[in-house]
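Student: Contents of my_file_9.cif (mmCIF, C-alpha atoms and all ligand atoms) are given next:
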data_final
loop_
_atom_site.label_atom_id
_atom_site.label_comp_id
_atom_site.auth_asym_id
_atom_site.auth_seq_id
_atom_site.Cartn_x
_atom_site.Cartn_y
_atom_site.Cartn_z
CA ALA A 1 27.56 3.67 8.55
CA LYS A 2 29.15 2.15 5.48
CA GLU A 3 30.67 -0.61 7.61
CA ASN A 4 27.27 -1.32 9.09
CA GLY A 5 25.83 -1.40 5.60
CA ASP A 6 28.43 -3.92 4.49
CA LEU A 7 27.85 -6.06 7.54
CA PHE A 8 24.15 -5.85 6.92
CA SER A 9 24.40 -6.94 3.32
CA LYS A 10 26.64 -9.85 4.32
CA SER A 11 24.13 -10.98 6.92
CA PHE A 12 21.35 -10.32 4.40
CA GLN A 13 23.01 -12.67 1.95
CA ASP A 14 23.46 -15.27 4.69
CA THR A 15 19.81 -14.99 5.68
CA THR A 16 18.44 -15.09 2.16
CA SER A 17 20.69 -17.51 0.31
CA THR A 18 18.64 -20.50 1.41
CA LEU A 19 15.17 -18.98 0.91
CA PRO A 20 12.82 -20.50 -1.69
CA LYS A 21 12.91 -18.61 -4.99
CA GLY A 22 9.82 -17.68 -6.96
CA ASN A 23 8.90 -16.29 -10.37
CA SER A 24 9.60 -12.56 -10.53
CA TRP A 25 7.15 -11.59 -13.31
CA GLY A 26 9.92 -10.93 -15.83
CA PHE A 27 12.34 -9.08 -13.57
CA PRO A 28 15.90 -10.39 -13.37
CA ASP A 29 16.00 -11.30 -9.66
CA HIS A 30 13.80 -14.04 -8.23
CA LEU A 31 11.25 -13.26 -5.56
CA LEU A 32 12.26 -14.72 -2.20
CA GLN A 33 9.88 -16.46 0.15
CA TYR A 34 10.34 -15.29 3.71
CA HIS A 35 8.02 -16.50 6.48
CA GLY A 36 5.33 -17.40 4.00
CA PHE A 37 5.38 -14.24 1.85
CA TRP A 38 7.12 -13.42 -1.43
CA HIS A 39 9.41 -10.40 -1.60
CA SER A 40 11.78 -8.74 -3.99
CA SER A 41 15.26 -8.67 -2.59
CA VAL A 42 15.23 -4.86 -2.17
CA PHE A 43 12.02 -4.85 -0.16
CA LEU A 44 13.06 -7.87 1.89
CA GLN A 45 16.23 -6.07 2.82
CA GLY A 46 14.07 -3.11 3.84
CA ILE A 47 11.79 -5.33 5.92
CA LEU A 48 14.67 -6.94 7.79
CA SER A 49 16.27 -3.59 8.38
CA ALA A 50 12.99 -2.06 9.63
CA GLN A 51 12.50 -5.06 11.90
CA GLN A 52 15.89 -4.37 13.44
CA GLN A 53 15.76 -0.59 13.61
CA PHE A 54 12.28 0.82 13.58
CA GLN A 55 11.10 2.10 16.93
CA ALA A 56 7.39 2.77 16.84
CA GLN A 57 5.94 5.44 19.12
CA PRO A 58 2.47 5.06 20.62
CA ALA A 59 1.27 8.10 18.63
CA ASP A 60 2.38 6.65 15.28
CA ILE A 61 -0.10 5.80 12.58
CA ILE A 62 1.00 3.04 10.24
CA LEU A 63 -0.78 2.75 6.90
CA CYS A 64 -0.62 -0.85 5.74
CA SER A 65 -1.66 -2.46 2.47
CA ALA A 66 -0.72 -5.00 -0.15
CA PRO A 67 0.45 -3.27 -3.34
CA LYS A 68 -2.22 -1.79 -5.65
CA THR A 69 -5.05 -1.73 -3.19
CA GLY A 70 -5.39 2.03 -2.69
CA THR A 71 -2.22 2.93 -0.77
CA THR A 72 -1.73 6.24 -2.57
CA TRP A 73 -5.31 7.25 -1.89
CA LEU A 74 -5.15 6.25 1.79
CA LYS A 75 -1.92 8.20 2.19
CA SER A 76 -3.43 11.33 0.71
CA LEU A 77 -6.63 11.09 2.78
CA THR A 78 -4.75 10.48 6.02
CA TYR A 79 -2.25 13.23 5.31
CA ALA A 80 -4.95 15.75 4.42
CA THR A 81 -7.01 14.81 7.48
CA ILE A 82 -4.17 15.05 9.93
CA THR A 83 -2.77 18.32 8.56
CA ARG A 84 -6.12 20.08 8.08
CA THR A 85 -5.50 22.70 10.72
CA SER A 86 -2.26 23.75 8.99
CA TYR A 87 -3.40 23.55 5.37
CA ASP A 88 -6.56 23.63 3.34
CA ASP A 89 -7.42 22.51 -0.17
CA SER A 90 -5.61 25.46 -1.71
CA THR A 91 -2.39 25.28 0.34
CA SER A 92 -1.89 21.56 0.98
CA PRO A 93 1.53 20.09 0.11
CA LEU A 94 -0.51 17.40 -1.66
CA LEU A 95 -1.03 19.90 -4.48
CA SER A 96 2.67 19.91 -5.29
CA LYS A 97 3.94 16.61 -3.86
CA MET A 98 3.08 13.05 -4.69
CA PRO A 99 1.28 11.31 -1.77
CA HIS A 100 4.21 8.88 -1.52
CA ASP A 101 6.48 11.85 -0.90
CA VAL A 102 4.57 13.13 2.12
CA VAL A 103 4.22 9.77 3.88
CA PRO A 104 7.43 7.72 3.95
CA PHE A 105 7.53 4.07 3.02
CA MET A 106 9.08 2.02 5.79
CA GLU A 107 10.87 -0.54 3.63
CA LEU A 108 12.67 2.09 1.58
CA ASP A 109 12.75 5.42 3.33
CA HIS A 110 13.00 4.41 6.92
CA ALA A 111 15.00 1.23 6.52
CA HIS A 112 17.78 2.95 4.63
CA PHE A 113 17.75 6.36 6.28
CA SER A 114 16.43 5.93 9.78
CA THR A 115 16.38 9.70 10.22
CA HIS A 116 13.49 9.74 7.74
CA ARG A 117 11.29 8.37 10.43
CA HIS A 118 8.48 10.59 9.35
CA LEU A 119 8.10 13.92 7.65
CA GLY A 120 6.68 16.11 10.37
CA ILE A 121 3.56 14.07 11.02
CA PRO A 122 3.73 10.66 12.70
CA VAL A 123 2.45 8.72 9.69
CA LEU A 124 4.35 5.94 7.92
CA ALA A 125 3.34 3.37 5.36
CA THR A 126 4.35 -0.20 4.66
CA HIS A 127 3.38 -3.16 2.50
CA MET A 128 4.68 -5.61 5.12
CA PRO A 129 2.37 -8.41 6.15
CA TYR A 130 1.11 -8.12 9.73
CA SER A 131 3.36 -10.96 10.88
CA ALA A 132 6.44 -9.14 9.56
CA LEU A 133 5.76 -5.77 11.19
CA PRO A 134 8.59 -4.63 13.48
CA LYS A 135 7.83 -5.84 16.98
CA SER A 136 7.76 -2.27 18.29
CA VAL A 137 4.71 -1.58 16.10
CA THR A 138 2.59 -4.20 17.81
CA ASP A 139 4.15 -3.58 21.23
CA SER A 140 3.72 0.19 21.20
CA GLY A 141 0.01 -0.10 20.56
CA CYS A 142 0.22 2.48 17.79
CA LYS A 143 -2.63 2.67 15.32
CA ILE A 144 -2.72 0.73 12.09
CA VAL A 145 -4.97 1.46 9.12
CA TYR A 146 -5.23 -1.32 6.55
CA ILE A 147 -6.78 -1.08 3.11
CA CYS A 148 -7.62 -4.01 0.84
CA ARG A 149 -9.43 -4.47 -2.44
CA ASP A 150 -11.13 -7.03 -4.65
CA PRO A 151 -8.23 -9.29 -5.72
CA LYS A 152 -9.40 -9.11 -9.35
CA ASP A 153 -8.89 -5.34 -9.43
CA SER A 154 -5.68 -5.58 -7.40
CA PHE A 155 -4.25 -8.13 -9.80
CA VAL A 156 -5.13 -6.07 -12.88
CA SER A 157 -3.75 -2.92 -11.29
CA LEU A 158 -0.53 -4.71 -10.34
CA TYR A 159 -0.10 -6.32 -13.72
CA LEU A 160 -0.60 -3.04 -15.60
CA PHE A 161 1.74 -1.18 -13.25
CA VAL A 162 4.46 -3.77 -13.79
CA SER A 163 3.92 -3.73 -17.58
CA LYS A 164 4.13 0.05 -17.73
CA TYR A 165 7.35 -0.01 -15.79
CA GLN A 166 8.81 -2.77 -17.95
CA LYS A 167 7.93 -0.88 -21.13
CA SER A 168 9.53 2.29 -19.81
CA GLN A 169 12.74 0.34 -19.14
CA ASN A 170 12.66 -1.26 -22.61
CA MET A 171 12.21 -4.64 -20.96
CA GLN A 172 10.04 -7.34 -22.40
CA THR A 173 6.64 -7.09 -20.70
CA PHE A 174 5.45 -10.09 -18.75
CA ASN A 175 2.55 -12.01 -20.19
CA LEU A 176 -0.90 -11.42 -18.60
CA GLU A 177 -1.85 -15.11 -18.45
CA GLU A 178 1.43 -16.05 -16.86
CA ALA A 179 1.19 -13.22 -14.32
CA PHE A 180 -2.34 -14.36 -13.53
CA GLU A 181 -1.12 -17.90 -12.91
CA GLN A 182 1.58 -16.66 -10.56
CA PHE A 183 -0.87 -14.39 -8.73
CA CYS A 184 -3.28 -17.32 -8.25
CA GLN A 185 -0.43 -19.33 -6.78
CA GLY A 186 0.34 -16.47 -4.43
CA VAL A 187 3.60 -15.57 -6.16
CA CYS A 188 3.70 -11.77 -6.42
CA CYS A 189 5.35 -9.00 -4.45
CA TYR A 190 4.06 -9.30 -0.86
CA GLY A 191 1.82 -12.21 -1.84
CA PRO A 192 -0.05 -14.45 -1.36
CA TYR A 193 -2.53 -11.60 -1.56
CA TRP A 194 -5.21 -13.43 0.45
CA ASP A 195 -2.82 -14.28 3.29
CA HIS A 196 -1.83 -10.62 3.52
CA VAL A 197 -5.45 -9.53 3.83
CA LEU A 198 -6.37 -12.32 6.25
CA GLU A 199 -3.55 -11.57 8.68
CA PHE A 200 -4.72 -7.97 9.02
CA TRP A 201 -8.37 -8.97 9.09
CA LYS A 202 -7.81 -11.38 11.98
CA ALA A 203 -5.65 -8.87 13.84
CA SER A 204 -8.33 -6.20 13.36
CA LEU A 205 -10.92 -8.49 14.94
CA GLU A 206 -8.63 -9.05 17.91
CA HIS A 207 -7.66 -5.38 18.29
CA PRO A 208 -10.47 -3.28 16.80
CA ASP A 209 -9.29 -0.22 18.71
CA LYS A 210 -5.81 -0.49 17.16
CA ILE A 211 -6.51 -1.63 13.61
CA LEU A 212 -8.97 -0.02 11.23
CA PHE A 213 -9.75 -2.37 8.34
CA LEU A 214 -10.90 -0.65 5.14
CA LYS A 215 -12.01 -1.85 1.73
CA TYR A 216 -11.36 0.17 -1.42
CA GLU A 217 -14.85 -0.55 -2.76
CA GLU A 218 -16.61 0.63 0.39
CA MET A 219 -14.45 3.74 0.47
CA SER A 220 -15.31 4.48 -3.17
CA ASP A 221 -18.97 4.10 -2.36
CA ASP A 222 -19.05 6.61 0.48
CA THR A 223 -15.68 8.27 0.85
CA ILE A 224 -16.94 10.98 3.19
CA LEU A 225 -18.22 8.45 5.71
CA TYR A 226 -14.90 6.59 5.70
CA VAL A 227 -12.86 9.76 6.03
CA GLN A 228 -14.94 10.60 9.09
CA ARG A 229 -14.24 7.12 10.48
CA LEU A 230 -10.58 7.46 9.66
CA ALA A 231 -10.37 10.84 11.40
CA GLU A 232 -12.06 9.47 14.48
CA PHE A 233 -9.88 6.38 14.53
CA ILE A 234 -6.62 8.31 14.31
CA GLY A 235 -7.75 10.59 17.11
CA CYS A 236 -8.68 13.76 15.26
CA PRO A 237 -12.44 13.58 14.66
CA PHE A 238 -14.09 16.37 12.68
CA SER A 239 -15.84 18.85 14.94
CA SER A 240 -19.43 19.74 14.19
CA GLU A 241 -18.21 23.14 13.07
CA GLU A 242 -15.84 21.47 10.58
CA GLU A 243 -18.65 19.27 9.35
CA GLU A 244 -20.89 22.29 8.86
CA LYS A 245 -18.12 23.97 6.89
CA GLY A 246 -17.80 20.88 4.70
CA VAL A 247 -14.20 20.11 5.68
CA PRO A 248 -14.54 16.32 5.17
CA GLU A 249 -16.06 16.93 1.71
CA LYS A 250 -13.19 19.23 0.76
CA ILE A 251 -10.61 16.64 1.81
CA VAL A 252 -12.38 13.94 -0.17
CA LYS A 253 -12.54 16.16 -3.22
CA MET A 254 -8.91 17.19 -2.99
CA CYS A 255 -7.82 13.53 -2.66
CA SER A 256 -10.14 12.25 -5.37
CA PHE A 257 -8.63 10.36 -8.27
CA GLU A 258 -9.83 13.08 -10.66
CA ASN A 259 -8.15 15.85 -8.73
CA LEU A 260 -4.87 14.15 -7.78
CA SER A 261 -4.31 12.50 -11.15
CA ASN A 262 -4.64 15.86 -12.92
CA LEU A 263 -2.08 17.69 -10.83
CA GLU A 264 1.14 18.51 -12.63
CA VAL A 265 3.26 16.66 -10.06
CA ASN A 266 1.27 13.47 -10.53
CA LYS A 267 1.03 13.80 -14.32
CA ASN A 268 4.65 14.56 -15.11
CA GLY A 269 6.66 14.10 -11.91
CA LYS A 270 9.16 11.31 -11.36
CA HIS A 271 8.88 9.07 -8.37
CA ARG A 272 11.93 8.91 -6.13
CA VAL A 273 12.30 5.18 -6.70
CA GLY A 274 14.32 4.37 -9.83
CA GLY A 275 12.52 5.01 -13.07
CA THR A 276 8.94 5.00 -11.85
CA GLU A 277 6.76 7.91 -12.88
CA ASN A 278 4.23 9.37 -10.48
CA ALA A 279 1.57 8.90 -13.13
CA TYR A 280 1.92 5.11 -12.84
CA TYR A 281 0.25 5.34 -9.44
CA PHE A 282 -2.86 6.91 -10.97
CA ARG A 283 -4.32 4.66 -13.63
CA LYS A 284 -8.12 4.60 -13.57
CA GLY A 285 -9.20 4.49 -9.95
CA LYS A 286 -12.41 2.56 -10.67
CA VAL A 287 -14.08 -0.39 -9.01
CA GLY A 288 -14.54 -3.37 -11.33
CA ASP A 289 -12.16 -2.44 -14.14
CA TRP A 290 -11.01 -6.08 -14.07
CA GLU A 291 -13.90 -6.74 -16.48
CA ASN A 292 -11.88 -5.09 -19.24
CA TRP A 293 -8.87 -7.34 -18.68
CA LEU A 294 -9.88 -10.74 -17.34
CA THR A 295 -11.92 -13.40 -19.12
CA PRO A 296 -14.99 -14.68 -17.24
CA GLU A 297 -13.02 -17.89 -16.58
CA MET A 298 -10.13 -16.01 -15.04
CA ALA A 299 -12.52 -13.99 -12.88
CA ALA A 300 -14.32 -17.14 -11.76
CA ARG A 301 -11.03 -18.76 -10.84
CA LEU A 302 -9.92 -15.81 -8.71
CA ASP A 303 -13.35 -15.64 -7.06
CA GLN A 304 -13.13 -19.33 -6.27
CA ILE A 305 -9.70 -18.96 -4.65
CA THR A 306 -10.95 -15.94 -2.71
CA MET A 307 -13.96 -17.87 -1.44
CA GLN A 308 -11.83 -20.81 -0.38
CA LYS A 309 -9.14 -18.75 1.27
CA LEU A 310 -11.54 -16.48 3.16
CA SER A 311 -14.03 -19.14 4.09
CA GLY A 312 -14.86 -19.10 7.78
CA SER A 313 -13.10 -15.77 8.31
CA GLY A 314 -16.23 -13.63 8.15
CA LEU A 315 -14.55 -11.49 5.48
CA THR A 316 -15.75 -11.14 1.89
CA LEU A 317 -13.91 -9.41 -0.91
P1 LIG A 401 -6.15 1.10 -10.81
O1 LIG A 401 -4.89 0.53 -11.41
O2 LIG A 401 -7.25 0.09 -10.73
O3 LIG A 401 -6.58 2.37 -11.45
P2 LIG A 401 -1.70 1.75 -4.82
O4 LIG A 401 -1.87 3.17 -4.46
O5 LIG A 401 -1.85 0.82 -3.65
O6 LIG A 401 -0.48 1.51 -5.61
O7 LIG A 401 -2.95 1.36 -5.73
C1 LIG A 401 -3.05 1.92 -7.00
C2 LIG A 401 -4.50 1.90 -7.41
O8 LIG A 401 -5.21 2.94 -6.72
C3 LIG A 401 -4.65 2.21 -8.89
O9 LIG A 401 -5.81 1.48 -9.29
C4 LIG A 401 -4.86 3.70 -8.87
O10 LIG A 401 -5.45 4.23 -10.03
C5 LIG A 401 -5.78 3.84 -7.66
N1 LIG A 401 -5.77 5.19 -7.11
C6 LIG A 401 -4.74 6.07 -7.02
N2 LIG A 401 -5.13 7.22 -6.48
C7 LIG A 401 -6.44 7.10 -6.21
C8 LIG A 401 -7.43 7.99 -5.65
N3 LIG A 401 -7.10 9.21 -5.28
N4 LIG A 401 -8.68 7.52 -5.53
C9 LIG A 401 -9.01 6.28 -5.92
N5 LIG A 401 -8.13 5.41 -6.47
C10 LIG A 401 -6.87 5.80 -6.60
#
Re-express the file's structure as structure tokens.

Tutor:
Amino acid sequence: AKENGDLFSKSFQDTTSTLPKGNSWGFPDHLLQYHGFWHSSVFLQGILSAQQQFQAQPADIILCSAPKTGTTWLKSLTYATITRTSYDDSTSPLLSKMPHDVVPFMELDHAHFSTHRHLGIPVLATHMPYSALPKSVTDSGCKIVYICRDPKDSFVSLYLFVSKYQKSQNMQTFNLEEAFEQFCQGVCCYGPYWDHVLEFWKASLEHPDKILFLKYEEMSDDTILYVQRLAEFIGCPFSSEEEEKGVPEKIVKMCSFENLSNLEVNKNGKHRVGGTENAYYFRKGKVGDWENWLTPEMAARLDQITMQKLSGSGLTL
């Protein structure tokens, strides 16, 4: 395995040495542009490895998202929905494990340890753009659930996550205005944000039975409705008996920001990826918090880019 690893890193270096380099928001290594999207070297390595190794099964469910759009929430809701006959809101592993630790992340967990294909339930997550998904994902016809969010809130969430991490590592924190400029130019992990969203949006229009396209804001508005849709889409709809017993409500409550963010594991636990704390994944969980961070000019600029990029697509954010 070590030999394979060495060969892989040699071919990784060959593949990436000529890629365009982009601003890395204050981190030492540049972002690399690969097939139109910006990636950190670690995640790009994970993407290439997953593209080579990952074998999707038709029954798989792949949770897809750009960073900071509600991935943690979607993982918890999907996990709780799919495991509801084994656990309830007093026995769920979600009460003692971080959502990222019950649904593996393809670029890290699977790519490096292919035995970690999934943890007992056929659900995996990735931030890969649609065009970068391993071919077996699209070929197998497995189900994909995508979540996106108002780019203003995604940007703020991303910026504050990065700053928190940089502070914890005694690094200089990256400047908000500069990060904003990079985000607008599409230079951020897995960016351009709009291209990420659009690829999944278009694919969901072509394959509505295979791709469920969700928005954070709509989910916040009526989480129960969307959990019912999610359950139906992934092939385990709530029975009328379950609905009468309030099972969807219980799942929504257990996975709510208030509940998850107050659990010991999510308050004080460490994430398995170097130096990140679980608490970083639970900041505020509100729609429209961008108002506290962006000037009206910044907001107008992002809205303008969003309008231009999405124009003609039928999608609004
Ligand atoms: P904010 O920074 O705006 O609070 P991701 O999971 O993709 O990394 O996205 C993180 C964002 O989702 C953060 O947004 C975080 O607070 C929010 N979030 C985490 N858990 C949530 C939950 N259970 N319900 C709603 N939002 C949640």

Student: Counting only C-alpha atoms and all ligand atoms, name the residues that have an atom within 10 Å of an atom of ligand LIG 401 (chain A); the answer should be given as a ChimeraX atom specification.

Tutor: /A:64-77,99-100,127,147-149,152-161,216-217,219-220,223,252-261,266,279-290

Student: Take the residues that were just selected and, keeping C-alpha atoms, output them as a PDB file, in the frame of the given file.

Tutor:
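Generated file (part36.pdb):
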ATOM      1  CA  CYS A  64      -0.620  -0.850   5.740  1.00  0.00           C
ATOM      2  CA  SER A  65      -1.660  -2.460   2.470  1.00  0.00           C
ATOM      3  CA  ALA A  66      -0.720  -5.000  -0.150  1.00  0.00           C
ATOM      4  CA  PRO A  67       0.450  -3.270  -3.340  1.00  0.00           C
ATOM      5  CA  LYS A  68      -2.220  -1.790  -5.650  1.00  0.00           C
ATOM      6  CA  THR A  69      -5.050  -1.730  -3.190  1.00  0.00           C
ATOM      7  CA  GLY A  70      -5.390   2.030  -2.690  1.00  0.00           C
ATOM      8  CA  THR A  71      -2.220   2.930  -0.770  1.00  0.00           C
ATOM      9  CA  THR A  72      -1.730   6.240  -2.570  1.00  0.00           C
ATOM     10  CA  TRP A  73      -5.310   7.250  -1.890  1.00  0.00           C
ATOM     11  CA  LEU A  74      -5.150   6.250   1.790  1.00  0.00           C
ATOM     12  CA  LYS A  75      -1.920   8.200   2.190  1.00  0.00           C
ATOM     13  CA  SER A  76      -3.430  11.330   0.710  1.00  0.00           C
ATOM     14  CA  LEU A  77      -6.630  11.090   2.780  1.00  0.00           C
ATOM     15  CA  PRO A  99       1.280  11.310  -1.770  1.00  0.00           C
ATOM     16  CA  HIS A 100       4.210   8.880  -1.520  1.00  0.00           C
ATOM     17  CA  HIS A 127       3.380  -3.160   2.500  1.00  0.00           C
ATOM     18  CA  ILE A 147      -6.780  -1.080   3.110  1.00  0.00           C
ATOM     19  CA  CYS A 148      -7.620  -4.010   0.840  1.00  0.00           C
ATOM     20  CA  ARG A 149      -9.430  -4.470  -2.440  1.00  0.00           C
ATOM     21  CA  LYS A 152      -9.400  -9.110  -9.350  1.00  0.00           C
ATOM     22  CA  ASP A 153      -8.890  -5.340  -9.430  1.00  0.00           C
ATOM     23  CA  SER A 154      -5.680  -5.580  -7.400  1.00  0.00           C
ATOM     24  CA  PHE A 155      -4.250  -8.130  -9.800  1.00  0.00           C
ATOM     25  CA  VAL A 156      -5.130  -6.070 -12.880  1.00  0.00           C
ATOM     26  CA  SER A 157      -3.750  -2.920 -11.290  1.00  0.00           C
ATOM     27  CA  LEU A 158      -0.530  -4.710 -10.340  1.00  0.00           C
ATOM     28  CA  TYR A 159      -0.100  -6.320 -13.720  1.00  0.00           C
ATOM     29  CA  LEU A 160      -0.600  -3.040 -15.600  1.00  0.00           C
ATOM     30  CA  PHE A 161       1.740  -1.180 -13.250  1.00  0.00           C
ATOM     31  CA  TYR A 216     -11.360   0.170  -1.420  1.00  0.00           C
ATOM     32  CA  GLU A 217     -14.850  -0.550  -2.760  1.00  0.00           C
ATOM     33  CA  MET A 219     -14.450   3.740   0.470  1.00  0.00           C
ATOM     34  CA  SER A 220     -15.310   4.480  -3.170  1.00  0.00           C
ATOM     35  CA  THR A 223     -15.680   8.270   0.850  1.00  0.00           C
ATOM     36  CA  VAL A 252     -12.380  13.940  -0.170  1.00  0.00           C
ATOM     37  CA  LYS A 253     -12.540  16.160  -3.220  1.00  0.00           C
ATOM     38  CA  MET A 254      -8.910  17.190  -2.990  1.00  0.00           C
ATOM     39  CA  CYS A 255      -7.820  13.530  -2.660  1.00  0.00           C
ATOM     40  CA  SER A 256     -10.140  12.250  -5.370  1.00  0.00           C
ATOM     41  CA  PHE A 257      -8.630  10.360  -8.270  1.00  0.00           C
ATOM     42  CA  GLU A 258      -9.830  13.080 -10.660  1.00  0.00           C
ATOM     43  CA  ASN A 259      -8.150  15.850  -8.730  1.00  0.00           C
ATOM     44  CA  LEU A 260      -4.870  14.150  -7.780  1.00  0.00           C
ATOM     45  CA  SER A 261      -4.310  12.500 -11.150  1.00  0.00           C
ATOM     46  CA  ASN A 266       1.270  13.470 -10.530  1.00  0.00           C
ATOM     47  CA  ALA A 279       1.570   8.900 -13.130  1.00  0.00           C
ATOM     48  CA  TYR A 280       1.920   5.110 -12.840  1.00  0.00           C
ATOM     49  CA  TYR A 281       0.250   5.340  -9.440  1.00  0.00           C
ATOM     50  CA  PHE A 282      -2.860   6.910 -10.970  1.00  0.00           C
ATOM     51  CA  ARG A 283      -4.320   4.660 -13.630  1.00  0.00           C
ATOM     52  CA  LYS A 284      -8.120   4.600 -13.570  1.00  0.00           C
ATOM     53  CA  GLY A 285      -9.200   4.490  -9.950  1.00  0.00           C
ATOM     54  CA  LYS A 286     -12.410   2.560 -10.670  1.00  0.00           C
ATOM     55  CA  VAL A 287     -14.080  -0.390  -9.010  1.00  0.00           C
ATOM     56  CA  GLY A 288     -14.540  -3.370 -11.330  1.00  0.00           C
ATOM     57  CA  ASP A 289     -12.160  -2.440 -14.140  1.00  0.00           C
ATOM     58  CA  TRP A 290     -11.010  -6.080 -14.070  1.00  0.00           C
TER      59      TRP A 290
END

Student: Pick the closest to A:Leu19 from A:Arg229, A:Arg84, A:Arg272, A:His39: which is it, counting all atoms listed in the file?

Tutor: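 Once distances to A:Leu19 are computed over all atoms listed in the file, the minimum belongs to A:His39.
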
Student: From the list A:Thr295, A:Ser9, A:Gln182, A:Thr316, which residue is nearest A:Trp201 when using only C-alpha atoms?

Tutor: A:Thr316

Student: If you measure from atom CA of A:Thr85 to atom CA of A:Glu249, what distance in Å do you get, rounded to one decimal?

Tutor: 15.0 Å

Student: Quick check, in Å to one decimal: how far apart do atom CA of A:Asn292 and atom CA of A:Cys184 lie?

Tutor: 18.6 Å

Student: Nearest to A:Pro122 among A:His196, A:Lys143, A:Lys135, A:Lys97, with distances taken over all atoms listed in the file: which residue is it?

Tutor: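 Among A:His196, A:Lys143, A:Lys135, A:Lys97, it is A:Lys143 that comes nearest to A:Pro122.
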
Student: Restricting the calculation to all atoms listed in the file, which member of A:Met171, A:Cys189, A:Val247, A:Leu94 is positioned closest to A:His30?

Tutor: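 Using all atoms listed in the file, A:His30 sits closest to A:Cys189.
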
Student: Let me make sure I understand: among A:Ala50, A:Ile82, A:Leu317, A:Met98, which one has the smallest atom-to-atom distance to A:Leu133 if we use only C-alpha atoms?

Tutor: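 When distances to A:Leu133 are compared using only C-alpha atoms, the smallest one comes from A:Ala50.
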
Student: Nearest to A:Val197: which of A:Lys215, A:Lys167, A:Arg301, A:Lys10 is it, counting all atoms listed in the file?

Tutor: A:Lys215

Student: What does the distance between atom CA of A:Gln13 and atom CA of A:Leu198 come to in Å, to one decimal place?

Tutor: 29.7 Å
